[in-house]
$ cat work.csv   # CSV, C-alpha atoms
chain,number,residue,atom,x,y,z
N,756,MET,CA,50.6,10.8,-46.3
N,757,PRO,CA,50.2,7.6,-44.2
N,758,TYR,CA,49.5,7.6,-40.5
N,759,LEU,CA,49.7,4.8,-37.9
N,760,SER,CA,47.3,5.0,-35.0
N,761,ARG,CA,47.1,3.2,-31.7
N,762,ILE,CA,43.8,3.2,-29.9
N,763,ARG,CA,43.3,2.0,-26.3
N,764,ILE,CA,40.2,-0.3,-26.0
N,765,ASN,CA,38.3,-0.8,-22.7
N,766,PRO,CA,37.4,-4.5,-22.6
N,767,LEU,CA,34.9,-3.9,-19.7
N,768,ARG,CA,32.4,-2.0,-21.9
N,769,ALA,CA,29.6,-3.9,-23.7
N,770,GLU,CA,30.3,-2.4,-27.1
N,771,SER,CA,34.0,-3.2,-26.7
N,772,ARG,CA,33.3,-6.8,-26.1
N,773,LYS,CA,31.3,-6.9,-29.3
N,774,LEU,CA,34.2,-5.4,-31.2
N,775,LEU,CA,36.8,-7.7,-29.6
N,776,VAL,CA,35.1,-10.9,-30.7
N,777,SER,CA,33.8,-9.8,-34.1
N,778,PRO,CA,36.3,-8.8,-36.9
N,779,ARG,CA,33.4,-7.7,-39.0
N,780,SER,CA,32.2,-5.3,-36.3
N,781,MET,CA,35.7,-4.0,-35.7
N,782,HIS,CA,36.1,-3.4,-39.4
N,783,ALA,CA,32.9,-1.4,-39.5
N,784,ALA,CA,34.0,0.7,-36.5
N,785,VAL,CA,37.4,1.4,-38.1
N,786,GLN,CA,35.8,2.4,-41.5
N,787,GLY,CA,33.3,4.5,-39.6
N,788,GLY,CA,36.0,6.8,-38.5
N,789,LEU,CA,37.1,7.5,-42.1
N,790,PRO,CA,34.0,8.8,-43.8
N,791,GLY,CA,36.0,10.2,-46.8
N,792,LEU,CA,37.6,6.9,-47.6
N,793,PRO,CA,36.6,5.4,-51.0
N,794,GLU,CA,34.5,2.3,-50.5
N,795,GLN,CA,36.9,0.1,-52.6
N,796,GLU,CA,40.0,1.2,-50.5
N,797,ARG,CA,40.7,-1.0,-47.5
N,798,THR,CA,42.3,0.2,-44.3
N,799,LEU,CA,44.8,-2.0,-42.6
N,800,TRP,CA,44.2,-2.7,-38.9
N,801,ARG,CA,45.3,-5.1,-36.2
N,802,LEU,CA,44.1,-5.9,-32.7
N,803,ASP,CA,46.9,-6.6,-30.2
N,804,ALA,CA,45.4,-8.3,-27.1
N,805,ASP,CA,48.6,-9.6,-25.4
N,806,ASN,CA,47.3,-8.0,-22.3
N,807,PRO,CA,43.6,-8.8,-22.2
N,808,HIS,CA,43.0,-6.0,-19.7
N,809,ARG,CA,44.5,-3.4,-22.1
N,810,PRO,CA,44.0,-4.4,-25.7
N,811,GLN,CA,45.2,-2.0,-28.4
N,812,LEU,CA,44.0,-1.4,-31.9
N,813,PHE,CA,46.5,-0.4,-34.6
N,814,VAL,CA,45.2,1.2,-37.8
N,815,LEU,CA,47.1,2.4,-40.9
N,816,THR,CA,45.4,5.2,-42.8
N,817,THR,CA,46.2,7.3,-45.8
N,818,ASP,CA,44.9,10.5,-44.2
N,819,LYS,CA,45.1,11.8,-40.6
N,820,PRO,CA,42.1,10.2,-38.7
N,821,ASP,CA,40.0,11.3,-35.7
N,822,TRP,CA,39.2,8.4,-33.4
N,823,THR,CA,37.0,10.3,-31.0
N,824,HIS,CA,34.0,8.2,-32.0
N,825,LEU,CA,35.8,5.0,-31.2
N,826,VAL,CA,37.0,6.3,-27.8
N,827,GLU,CA,33.5,7.2,-26.9
N,828,GLN,CA,32.2,3.9,-28.2
N,829,ALA,CA,34.8,1.5,-26.8
N,830,GLY,CA,37.6,3.3,-25.2
N,831,TRP,CA,38.2,5.1,-21.9
N,832,PRO,CA,36.6,8.6,-22.4
N,833,GLY,CA,36.7,9.5,-18.7
N,834,ALA,CA,40.2,8.4,-18.0
N,835,ASP,CA,43.3,10.5,-17.9
N,836,GLY,CA,46.1,10.2,-20.4
N,837,GLU,CA,46.3,9.6,-24.1
N,838,HIS,CA,43.2,7.9,-25.5
N,839,TYR,CA,44.8,7.4,-28.9
N,840,ALA,CA,48.0,8.3,-30.7
N,841,VAL,CA,48.4,9.2,-34.3
N,842,ARG,CA,51.9,9.2,-35.8
N,843,ASP,CA,53.2,10.3,-39.2
N,844,TYR,CA,54.4,7.1,-40.9
N,845,ALA,CA,56.8,8.8,-43.2
N,846,PRO,CA,59.8,9.0,-40.8
N,847,LEU,CA,59.8,5.2,-40.4
N,848,LEU,CA,59.6,4.6,-44.1
N,849,GLN,CA,62.5,6.9,-44.6
N,850,GLN,CA,64.6,4.7,-42.3
N,851,LEU,CA,64.2,1.6,-44.5
N,852,ALA,CA,67.5,0.7,-46.1
N,853,THR,CA,69.1,-2.5,-47.4
N,854,GLY,CA,70.7,-4.5,-44.6
N,855,ARG,CA,69.0,-2.7,-41.8
N,856,SER,CA,67.2,-4.8,-39.1
N,857,PHE,CA,64.0,-4.2,-37.3
N,858,ALA,CA,61.8,-6.0,-34.8
N,859,PHE,CA,58.4,-6.8,-36.4
N,860,ARG,CA,54.9,-8.0,-35.7
N,861,LEU,CA,52.4,-9.3,-38.2
N,862,THR,CA,49.0,-10.9,-37.9
N,863,ALA,CA,48.2,-12.8,-41.1
N,864,ASN,CA,45.9,-15.4,-42.5
N,865,PRO,CA,48.2,-18.0,-44.1
N,866,VAL,CA,46.5,-19.8,-47.0
N,867,GLN,CA,47.1,-22.0,-50.0
N,868,ASN,CA,45.3,-22.5,-53.3
N,869,THR,CA,44.4,-26.0,-54.3
N,870,SER,CA,42.1,-27.6,-56.9
N,871,ARG,CA,41.5,-30.7,-54.8
N,872,PRO,CA,40.9,-30.2,-51.0
N,873,ASP,CA,41.7,-33.3,-48.9
N,874,LYS,CA,38.5,-32.9,-47.0
N,875,PRO,CA,36.1,-30.8,-49.1
N,876,THR,CA,33.1,-29.2,-47.5
N,877,ALA,CA,29.6,-29.9,-48.9
N,878,ARG,CA,29.8,-26.7,-50.9
N,879,GLN,CA,33.3,-27.5,-52.2
N,880,GLN,CA,32.1,-31.0,-53.2
N,881,GLU,CA,29.2,-29.5,-55.1
N,882,ARG,CA,31.6,-27.3,-57.1
N,883,ILE,CA,33.9,-30.2,-57.8
N,884,GLU,CA,31.1,-32.4,-59.0
N,885,ALA,CA,29.8,-29.6,-61.2
N,886,GLY,CA,33.1,-29.4,-62.9
N,887,ASP,CA,34.1,-26.0,-61.5
N,888,ARG,CA,37.9,-25.8,-62.2
N,889,ARG,CA,38.5,-22.7,-60.0
N,890,SER,CA,41.0,-23.4,-57.2
N,891,PHE,CA,40.0,-23.3,-53.6
N,892,ARG,CA,41.6,-21.0,-51.1
N,893,LEU,CA,42.3,-23.0,-47.9
N,894,GLY,CA,43.8,-21.9,-44.6
N,895,HIS,CA,46.9,-23.6,-43.3
N,896,ARG,CA,46.0,-25.2,-40.0
N,897,THR,CA,49.3,-26.3,-38.4
N,898,ALA,CA,51.9,-24.0,-36.9
N,899,ALA,CA,54.6,-25.7,-39.0
N,900,ALA,CA,52.7,-25.0,-42.2
N,901,GLN,CA,51.8,-21.4,-41.2
N,902,LEU,CA,55.5,-20.7,-40.4
N,903,ASN,CA,56.6,-22.2,-43.7
N,904,TRP,CA,54.0,-20.0,-45.5
N,905,PHE,CA,55.7,-17.0,-44.0
N,906,LEU,CA,59.3,-18.0,-44.5
N,907,THR,CA,58.9,-19.0,-48.1
N,908,ARG,CA,57.5,-15.5,-49.0
N,909,THR,CA,59.8,-13.1,-47.3
N,910,THR,CA,61.9,-12.5,-50.4
N,911,ARG,CA,58.9,-11.2,-52.4
N,912,TRP,CA,58.1,-8.9,-49.4
N,913,GLY,CA,61.6,-7.3,-49.3
N,914,PHE,CA,63.2,-8.9,-46.3
N,915,ASP,CA,64.6,-12.1,-44.8
N,916,ILE,CA,64.6,-13.5,-41.3
N,917,PRO,CA,68.1,-13.9,-39.9
N,918,ARG,CA,69.4,-16.9,-38.0
N,919,SER,CA,69.5,-16.5,-34.2
N,920,PRO,CA,71.7,-18.8,-32.2
N,921,HIS,CA,70.4,-17.2,-29.0
N,922,LEU,CA,66.8,-18.5,-29.2
N,923,ASP,CA,67.5,-22.0,-27.9
N,924,GLU,CA,69.8,-25.0,-28.3
N,925,THR,CA,67.9,-26.6,-31.1
N,926,ARG,CA,69.0,-26.8,-34.7
N,927,ASP,CA,67.2,-27.1,-38.0
N,928,THR,CA,67.6,-30.2,-40.1
N,929,ASP,CA,70.4,-28.5,-41.9
N,930,GLY,CA,72.3,-28.0,-38.6
N,931,GLU,CA,71.8,-24.3,-38.6
N,932,PRO,CA,70.4,-22.3,-35.7
N,933,PRO,CA,66.6,-21.5,-35.9
N,934,ARG,CA,65.4,-18.3,-37.6
N,935,ASP,CA,64.6,-15.3,-35.4
N,936,ILE,CA,60.8,-15.7,-35.6
N,937,ARG,CA,58.1,-17.1,-33.4
N,938,ILE,CA,54.3,-17.6,-33.5
N,939,THR,CA,52.7,-15.9,-30.5
N,940,THR,CA,49.0,-16.5,-31.1
N,941,ARG,CA,46.9,-18.8,-33.3
N,942,GLN,CA,43.2,-18.4,-33.6
N,943,ARG,CA,40.5,-19.9,-35.8
N,944,ARG,CA,37.7,-17.5,-36.5
N,945,SER,CA,34.3,-18.3,-38.0
N,946,PHE,CA,31.7,-15.6,-38.6
N,947,SER,CA,29.1,-14.3,-41.0
N,948,LYS,CA,29.7,-11.4,-43.4
N,949,GLY,CA,26.2,-10.2,-42.6
N,950,SER,CA,24.6,-11.1,-45.9
N,951,VAL,CA,22.3,-14.1,-45.6
N,952,THR,CA,21.7,-14.3,-49.3
N,953,ALA,CA,25.3,-14.4,-50.5
N,954,LYS,CA,26.7,-17.9,-51.3
N,955,GLU,CA,30.0,-17.1,-49.7
N,956,ALA,CA,28.5,-15.2,-46.7
N,957,HIS,CA,30.5,-17.2,-44.1
N,958,VAL,CA,34.1,-16.5,-43.4
N,959,VAL,CA,36.5,-19.0,-41.8
N,960,MET,CA,40.1,-17.9,-41.2
N,961,ASN,CA,43.1,-19.0,-39.2
N,962,SER,CA,44.8,-15.9,-38.0
N,963,VAL,CA,48.4,-16.1,-36.8
N,964,THR,CA,50.6,-13.5,-35.1
N,965,PHE,CA,54.3,-13.7,-36.0
N,966,GLU,CA,57.0,-11.8,-34.2
N,967,GLY,CA,60.7,-11.6,-34.5
N,968,HIS,CA,63.5,-9.7,-36.3
N,969,LEU,CA,63.8,-9.1,-40.0
N,970,ARG,CA,66.6,-7.8,-42.2
N,971,ILE,CA,65.7,-5.6,-45.2
N,972,THR,CA,66.7,-6.9,-48.7
N,973,ASP,CA,64.6,-4.6,-50.9
N,974,PRO,CA,63.3,-1.3,-49.3
N,975,SER,CA,60.9,-0.6,-52.1
N,976,LEU,CA,59.2,-4.1,-51.8
N,977,LEU,CA,59.0,-3.8,-48.0
N,978,THR,CA,57.5,-0.3,-48.3
N,979,GLU,CA,54.8,-1.6,-50.6
N,980,ARG,CA,54.0,-4.4,-48.1
N,981,LEU,CA,53.9,-2.0,-45.2
N,982,LEU,CA,51.4,0.2,-47.0
N,983,THR,CA,49.2,-2.4,-48.7
N,984,GLY,CA,49.5,-5.3,-46.3
N,985,ILE,CA,50.4,-9.0,-46.5
N,986,GLY,CA,48.1,-11.9,-47.3
N,987,PRO,CA,44.3,-12.1,-47.5
N,988,SER,CA,41.5,-11.1,-44.9
N,989,LYS,CA,42.8,-7.5,-44.6
N,990,ALA,CA,39.3,-6.3,-43.9
N,991,TYR,CA,39.2,-8.6,-40.8
N,992,GLY,CA,42.4,-7.6,-39.0
N,993,CYS,CA,45.1,-9.4,-41.0
N,994,GLY,CA,47.9,-8.0,-43.1
N,995,LEU,CA,49.3,-5.1,-41.0
N,996,LEU,CA,53.0,-5.4,-40.6
N,997,THR,CA,54.6,-3.1,-38.1
N,998,LEU,CA,58.2,-2.4,-37.4
N,999,ALA,CA,60.2,-1.2,-34.4
N,1000,PRO,CA,63.8,0.1,-34.7
N,1001,LEU,CA,66.4,-1.9,-32.8
N,1002,ARG,CA,68.7,-0.3,-30.3
N,1003,GLU,CA,72.1,0.1,-31.7
N,1004,ARG,CA,74.8,-1.9,-29.9
N,1005,ALA,CA,77.3,0.1,-27.9

$ encode --input "work.csv" --output "structure tokens"
Amino acid sequence: MPYLSRIRINPLRAESRKLLVSPRSMHAAVQGGLPGLPEQERTLWRLDADNPHRPQLFVLTTDKPDWTHLVEQAGWPGADGEHYAVRDYAPLLQQLATGRSFAFRLTANPVQNTSRPDKPTARQQERIEAGDRRSFRLGHRTAAAQLNWFLTRTTRWGFDIPRSPHLDETRDTDGEPPRDIRITTRQRRSFSKGSVTAKEAHVVMNSVTFEGHLRITDPSLLTERLLTGIGPSKAYGCGLLTLAPLRERA
């Protein structure tokens, strides 16, 4: 049975600052709270830092977790109120139906596969000259390319993004109102996996947070994406799609 957790992070603490800037350290902290989780099974998580004074960590787990260790390590153990919340995810999944709309948020790492990078790194050039025919996974760098990556994949994820004439006065090239989606944050991350001997020990990713409204076209496909995530770099805070029911119009 899946559970969605929300943990309050205290950005003033030394350990918190380490977790906030290091996806690898945050991943380790999340996995540390789930000792019974098989090593090959990945847990989806996302750090929302819209308010830098009150960042929040969201984690989707297959079993009910206990985040006491994370509160003591990087939270507000002496403060009043709810330190973390754990909610049964099943009620939300049961609401999914074709045609229903939800507000959504997703932090993802938009990538493309290519056999010939425009500007290959030294390591990539070595592979090309050695005759390695494997494709390279490269991150999309521009907001336009990142948005296109998202919009061209929604069908396989079980939803579409409706048009919204209320966003602004602009129109797409086809004369239609823009889709109800926006990019709220874009961040390039570069960090070590921690293994100095591994050839691919360095990680570079362009994480992007998308927000907007979606309309369900295939509940089963969407359920799968909600539970297993979207795109690569899931170990480093990407892939967790969350939904919020919309208020019914009177």

$ closest_residue --input "work.csv" --among "N:Ala900, N:Leu893, N:Ile938, N:Leu981" --to "Met960 of chain N" --atoms "only C-alpha atoms"
N:Leu893

$ atom_distance --input "work.csv" --atom1 "atom CA of Ala804 of chain N" --atom2 "atom CA of Gln850 of chain N"
27.7 Å

$ atom_distance --input "work.csv" --atom1 "atom CA of Thr972 of chain N" --atom2 "atom CA of Thr907 of chain N"
14.4 Å

$ closest_residue --input "work.csv" --among "N:Ile971, N:Ala990, N:Leu802, N:Met781" --to "Ala852 of chain N" --atoms "only C-alpha atoms"
N:Ile971

$ atom_distance --input "work.csv" --atom1 "atom CA of Phe914 of chain N" --atom2 "atom CA of Trp800 of chain N"
21.3 Å

$ residues_around --input "work.csv" --residues "segment 823-838 of chain N" --least-positions-apart "4" --cutoff "12 Å" --atoms "only C-alpha atoms" --output "compact mmCIF listing (two decimals) with C-alpha atoms, in the frame of the given file"
# COMPACT_ATOMS: atom_id res chain seq x y z
CA SER N 760 47.30 5.00 -35.00
CA ARG N 761 47.10 3.20 -31.70
CA ILE N 762 43.80 3.20 -29.90
CA ARG N 763 43.30 2.00 -26.30
CA ILE N 764 40.20 -0.30 -26.00
CA ASN N 765 38.30 -0.80 -22.70
CA PRO N 766 37.40 -4.50 -22.60
CA LEU N 767 34.90 -3.90 -19.70
CA ARG N 768 32.40 -2.00 -21.90
CA ALA N 769 29.60 -3.90 -23.70
CA GLU N 770 30.30 -2.40 -27.10
CA SER N 771 34.00 -3.20 -26.70
CA ARG N 772 33.30 -6.80 -26.10
CA LYS N 773 31.30 -6.90 -29.30
CA LEU N 774 34.20 -5.40 -31.20
CA LEU N 775 36.80 -7.70 -29.60
CA SER N 780 32.20 -5.30 -36.30
CA MET N 781 35.70 -4.00 -35.70
CA HIS N 782 36.10 -3.40 -39.40
CA ALA N 783 32.90 -1.40 -39.50
CA ALA N 784 34.00 0.70 -36.50
CA VAL N 785 37.40 1.40 -38.10
CA GLN N 786 35.80 2.40 -41.50
CA GLY N 787 33.30 4.50 -39.60
CA GLY N 788 36.00 6.80 -38.50
CA LEU N 789 37.10 7.50 -42.10
CA PRO N 790 34.00 8.80 -43.80
CA ARG N 809 44.50 -3.40 -22.10
CA PRO N 810 44.00 -4.40 -25.70
CA GLN N 811 45.20 -2.00 -28.40
CA LEU N 812 44.00 -1.40 -31.90

$ residues_around --input "work.csv" --residues "segment 864-866 of chain N" --least-positions-apart "2" --cutoff "7 Å" --atoms "only C-alpha atoms" --output "CSV table (one decimal) with C-alpha atoms, keeping the file's coordinate frame"
chain,number,residue,atom,x,y,z
N,868,ASN,CA,45.3,-22.5,-53.3
N,892,ARG,CA,41.6,-21.0,-51.1
N,893,LEU,CA,42.3,-23.0,-47.9
N,894,GLY,CA,43.8,-21.9,-44.6
N,895,HIS,CA,46.9,-23.6,-43.3
N,901,GLN,CA,51.8,-21.4,-41.2
N,904,TRP,CA,54.0,-20.0,-45.5
N,960,MET,CA,40.1,-17.9,-41.2
N,961,ASN,CA,43.1,-19.0,-39.2
N,962,SER,CA,44.8,-15.9,-38.0
N,963,VAL,CA,48.4,-16.1,-36.8
N,986,GLY,CA,48.1,-11.9,-47.3
N,987,PRO,CA,44.3,-12.1,-47.5
N,988,SER,CA,41.5,-11.1,-44.9
N,993,CYS,CA,45.1,-9.4,-41.0

$ residues_near_point --input "work.csv" --point "(61.9, 3.3, -45.6)" --cutoff "12 Å" --atoms "all atoms listed in the file" --output "VMD selection string"
chain N and resid 844 to 857 913 971 to 982 998 1000

$ residues_around --input "work.csv" --residues "Ile985 of chain N" --least-positions-apart "6" --cutoff "8 Å" --atoms "only C-alpha atoms" --output "count of residues only"
5
